[in-house]
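Structure file model-v3.cif with mmCIF, C-alpha atoms:
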```cif
data_my_file
#
loop_
_atom_site.label_atom_id
_atom_site.label_comp_id
_atom_site.auth_asym_id
_atom_site.auth_seq_id
_atom_site.Cartn_x
_atom_site.Cartn_y
_atom_site.Cartn_z
CA GLN A 1 96.85 147.84 89.65
CA VAL A 2 95.92 150.84 91.77
CA GLN A 3 98.44 153.41 92.93
CA LEU A 4 97.76 155.55 96.00
CA VAL A 5 99.68 158.73 96.81
CA GLU A 6 99.18 160.51 100.13
CA SER A 7 99.96 164.12 100.92
CA GLY A 8 99.32 166.66 103.63
CA GLY A 9 101.20 165.30 106.60
CA GLY A 10 103.47 167.42 108.76
CA LEU A 11 104.17 168.85 112.19
CA VAL A 12 101.41 170.58 114.12
CA GLN A 13 100.86 171.68 117.69
CA ALA A 14 98.27 169.99 119.87
CA GLY A 15 94.83 171.40 119.15
CA GLY A 16 95.72 172.16 115.57
CA SER A 17 94.42 170.72 112.31
CA LEU A 18 95.74 168.91 109.27
CA ARG A 19 94.10 167.65 106.09
CA LEU A 20 95.42 164.53 104.43
CA SER A 21 94.71 163.70 100.80
CA CYS A 22 95.06 160.43 98.94
CA ALA A 23 94.84 160.31 95.17
CA ALA A 24 94.19 156.99 93.46
CA SER A 25 95.33 156.29 89.92
CA GLY A 26 95.54 153.34 87.61
CA ARG A 27 92.65 150.91 87.42
CA THR A 28 90.31 152.88 89.66
CA LEU A 29 86.97 151.62 88.37
CA ARG A 30 84.90 149.90 91.08
CA LEU A 31 87.01 151.15 93.98
CA ASN A 32 85.06 150.05 97.03
CA VAL A 33 86.01 151.14 100.53
CA MET A 34 88.73 153.75 100.91
CA ALA A 35 90.27 154.20 104.32
CA TRP A 36 92.98 155.73 106.43
CA TYR A 37 95.11 153.67 108.79
CA ARG A 38 97.91 154.77 111.07
CA GLN A 39 100.88 153.17 112.74
CA ALA A 40 102.73 154.69 115.65
CA PRO A 41 106.23 153.51 116.63
CA GLY A 42 106.07 150.15 118.36
CA LYS A 43 102.36 149.77 117.74
CA ARG A 44 100.23 147.83 115.29
CA ARG A 45 98.64 149.51 112.29
CA GLU A 46 95.09 150.53 113.15
CA LEU A 47 92.06 151.71 111.24
CA VAL A 48 91.36 155.42 111.67
CA ALA A 49 88.43 155.99 109.32
CA ALA A 50 86.80 154.40 106.30
CA ILE A 51 84.30 155.47 103.67
CA GLY A 52 82.34 153.33 101.27
CA SER A 53 81.60 154.11 97.66
CA SER A 54 78.13 155.33 98.68
CA GLY A 55 79.51 157.60 101.39
CA SER A 56 78.92 155.53 104.50
CA THR A 57 81.61 156.13 107.11
CA ASN A 58 83.23 154.40 110.05
CA PHE A 59 85.62 155.87 112.63
CA ALA A 60 87.85 154.59 115.37
CA ASP A 61 86.50 155.56 118.77
CA SER A 62 89.66 157.54 119.48
CA VAL A 63 89.00 159.98 116.63
CA LYS A 64 85.21 160.26 116.62
CA GLY A 65 84.10 163.88 116.72
CA ARG A 66 87.57 165.12 115.73
CA PHE A 67 88.26 163.56 112.32
CA THR A 68 86.17 163.63 109.16
CA ILE A 69 86.60 161.44 106.11
CA SER A 70 85.29 162.30 102.65
CA ARG A 71 85.86 161.20 99.07
CA GLU A 72 85.45 162.56 95.57
CA ASN A 73 84.61 159.68 93.26
CA THR A 74 85.05 161.85 90.16
CA ASN A 75 88.78 162.20 90.79
CA ASN A 76 89.28 159.14 93.00
CA THR A 77 90.51 161.09 95.99
CA VAL A 78 89.88 160.52 99.69
CA TYR A 79 90.48 163.12 102.39
CA LEU A 80 90.98 162.98 106.13
CA GLN A 81 90.30 166.22 107.96
CA MET A 82 91.91 166.03 111.38
CA ASP A 83 90.93 168.62 113.98
CA SER A 84 91.74 169.00 117.67
CA LEU A 85 94.86 166.92 117.16
CA LYS A 86 96.51 165.29 120.15
CA PRO A 87 100.08 164.06 120.65
CA GLU A 88 98.74 160.50 120.62
CA ASP A 89 97.64 161.04 117.02
CA THR A 90 101.31 161.06 116.03
CA ALA A 91 101.88 158.26 113.53
CA VAL A 92 102.48 157.42 109.92
CA TYR A 93 99.13 157.59 108.16
CA TYR A 94 98.45 155.21 105.30
CA CYS A 95 95.79 155.36 102.63
CA ASN A 96 94.07 152.11 101.77
CA ALA A 97 91.71 151.14 98.97
CA ASP A 98 89.78 147.99 98.30
CA LYS A 99 89.11 146.88 94.74
CA ASP A 100 87.57 143.55 93.90
CA GLY A 101 88.63 142.15 97.26
CA ARG A 102 92.26 143.21 96.99
CA ASP A 103 93.90 145.79 99.25
CA TYR A 104 96.13 148.57 97.97
CA TRP A 105 98.30 150.82 100.14
CA GLY A 106 100.00 154.16 99.82
CA GLN A 107 103.53 154.84 100.99
CA GLY A 108 102.40 156.71 104.10
CA THR A 109 102.69 160.26 105.35
CA GLN A 110 104.06 161.31 108.73
CA VAL A 111 101.86 163.25 111.12
CA THR A 112 103.55 164.61 114.23
CA VAL A 113 101.62 166.43 116.94
CA SER A 114 103.68 168.30 119.49
CA SER A 115 102.45 168.97 123.02
#
```
Write-out of the structure in structure tokens:
Amino acid sequence: QVQLVESGGGLVQAGGSLRLSCAASGRTLRLNVMAWYRQAPGKRRELVAAIGSSGSTNFADSVKGRFTISRENTNNTVYLQMDSLKPEDTAVYYCNADKDGRDYWGQGTQVTVSS
């Protein structure tokens, strides 16, 4: 089992920044892709950004140039740096990790961007 705990969400004004963290614990050997998803009210959960174990990254078009994803394999933590935030970025953000073909999820952290 892998446990994921997110932190760093909150309320910020448009144009501001937030940094989300996700710490993995438990059986963390061979964690593959780690990612951030988000779900806004009434909308489907969507991929925001992902990072492979070698550092390759992938971003949703809506956040390219504004968000950065990084990971520290030594302490099994993934970060999402969010800059130039917009009201449409408001959502619950979930950490996701893939291990041996199985998905693990965190409990989510709320990000609210006011206009």
Distance query Arg38 (chain A) at most 10 Å, all atoms listed in the file, self and fewer than 6 positions along chain excluded, as a short mmCIF file (atom, residue, chain, number, x, y, z; two decimals) with C-alpha atoms, keeping the file's coordinate frame:
```cif
data_model
loop_
_atom_site.label_atom_id
_atom_site.label_comp_id
_atom_site.auth_asym_id
_atom_site.auth_seq_id
_atom_site.Cartn_x
_atom_site.Cartn_y
_atom_site.Cartn_z
CA ARG A 44 100.23 147.83 115.29
CA ARG A 45 98.64 149.51 112.29
CA GLU A 46 95.09 150.53 113.15
CA LEU A 47 92.06 151.71 111.24
CA VAL A 48 91.36 155.42 111.67
CA ALA A 49 88.43 155.99 109.32
CA ASP A 89 97.64 161.04 117.02
CA THR A 90 101.31 161.06 116.03
CA ALA A 91 101.88 158.26 113.53
CA VAL A 92 102.48 157.42 109.92
CA TYR A 93 99.13 157.59 108.16
CA TYR A 94 98.45 155.21 105.30
CA CYS A 95 95.79 155.36 102.63
CA GLY A 108 102.40 156.71 104.10
CA THR A 109 102.69 160.26 105.35
CA GLN A 110 104.06 161.31 108.73
CA VAL A 111 101.86 163.25 111.12
#
```
Identify the residues around (95.2, 165.6, 102.2) within a radius of 10 Å, measuring from only C-alpha atoms in the coordinates stated by the file, and give them as JSON, numbers by chain. {"A": [5, 6, 7, 8, 9, 18, 19, 20, 21, 22, 23, 77, 78, 79, 80, 81, 82, 109]}
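When all atoms listed in the file are used to compute distances to Pro41 (chain A), the closest of the residues A:Ala60, A:Ser115, A:Glu88, A:Thr68 turns out to be A:Glu88.
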Considering all atoms listed in the file, can you say which of A:Gly16, A:Gly42, A:Pro87, A:Gly26 comes closest to Val113 (chain A)?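 Answer, going by the shortest atom-to-atom distance: A:Pro87.
Distance-wise, CA of Val63 (chain A) and CA of Leu85 (chain A) end up 9.1 Å apart.
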Counting all atoms listed in the file, the residue of A:Ser62, A:Ala50, A:Gly10, A:Asp100 that sits nearest Met34 (chain A): A:Ala50
Find the distance between CA of Lys43 (chain A) and CA of Gln3 (chain A) and write it in Å to one decimal. 25.4 Å
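Between CA of Gln107 (chain A) and CA of Gly15 (chain A) the interatomic distance comes to 26.1 Å.
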Taking into account all atoms listed in the file, which residue in the set A:Thr74, A:Asn32, A:Ser25, A:Ser53 is nearest to Gly106 (chain A)?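 Under the stated criterion, the closest residue is A:Ser25.
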Top pick for closest residue to Val2 (chain A), considering A:Arg102, A:Arg71, A:Lys64, A:Lys86 and counting all atoms listed in the file: A:Arg102
Around all listed atoms of region 4-22 of chain A, padded 8 Å per side, what centre and edge lengths does the axis-aligned box have in Å to one decimal, as AutoDock Vina command-line options?
```
--center_x 99.1 --center_y 163.9 --center_z 107.9 --size_x 26.1 --size_y 32.6 --size_z 39.9
```
Just so the selection is clear, what residues does the PyMOL selection byres ((chain A and resi 99) around 8) cover here, as a compact mmCIF listing (two decimals) with C-alpha atoms, in the frame of the given file?
```
# COMPACT_ATOMS: atom_id res chain seq x y z
CA THR A 28 90.31 152.88 89.66
CA ARG A 30 84.90 149.90 91.08
CA LEU A 31 87.01 151.15 93.98
CA ASN A 32 85.06 150.05 97.03
CA VAL A 33 86.01 151.14 100.53
CA ALA A 97 91.71 151.14 98.97
CA ASP A 98 89.78 147.99 98.30
CA ASP A 100 87.57 143.55 93.90
CA GLY A 101 88.63 142.15 97.26
CA ARG A 102 92.26 143.21 96.99
CA ASP A 103 93.90 145.79 99.25
CA TYR A 104 96.13 148.57 97.97
```
For Gln1 (chain A), which residue among A:Phe67, A:Thr57, A:Trp105, A:Asn75 is the nearest when counting all atoms listed in the file?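 Checking each candidate against Gln1 (chain A), we get A:Trp105 as the closest.
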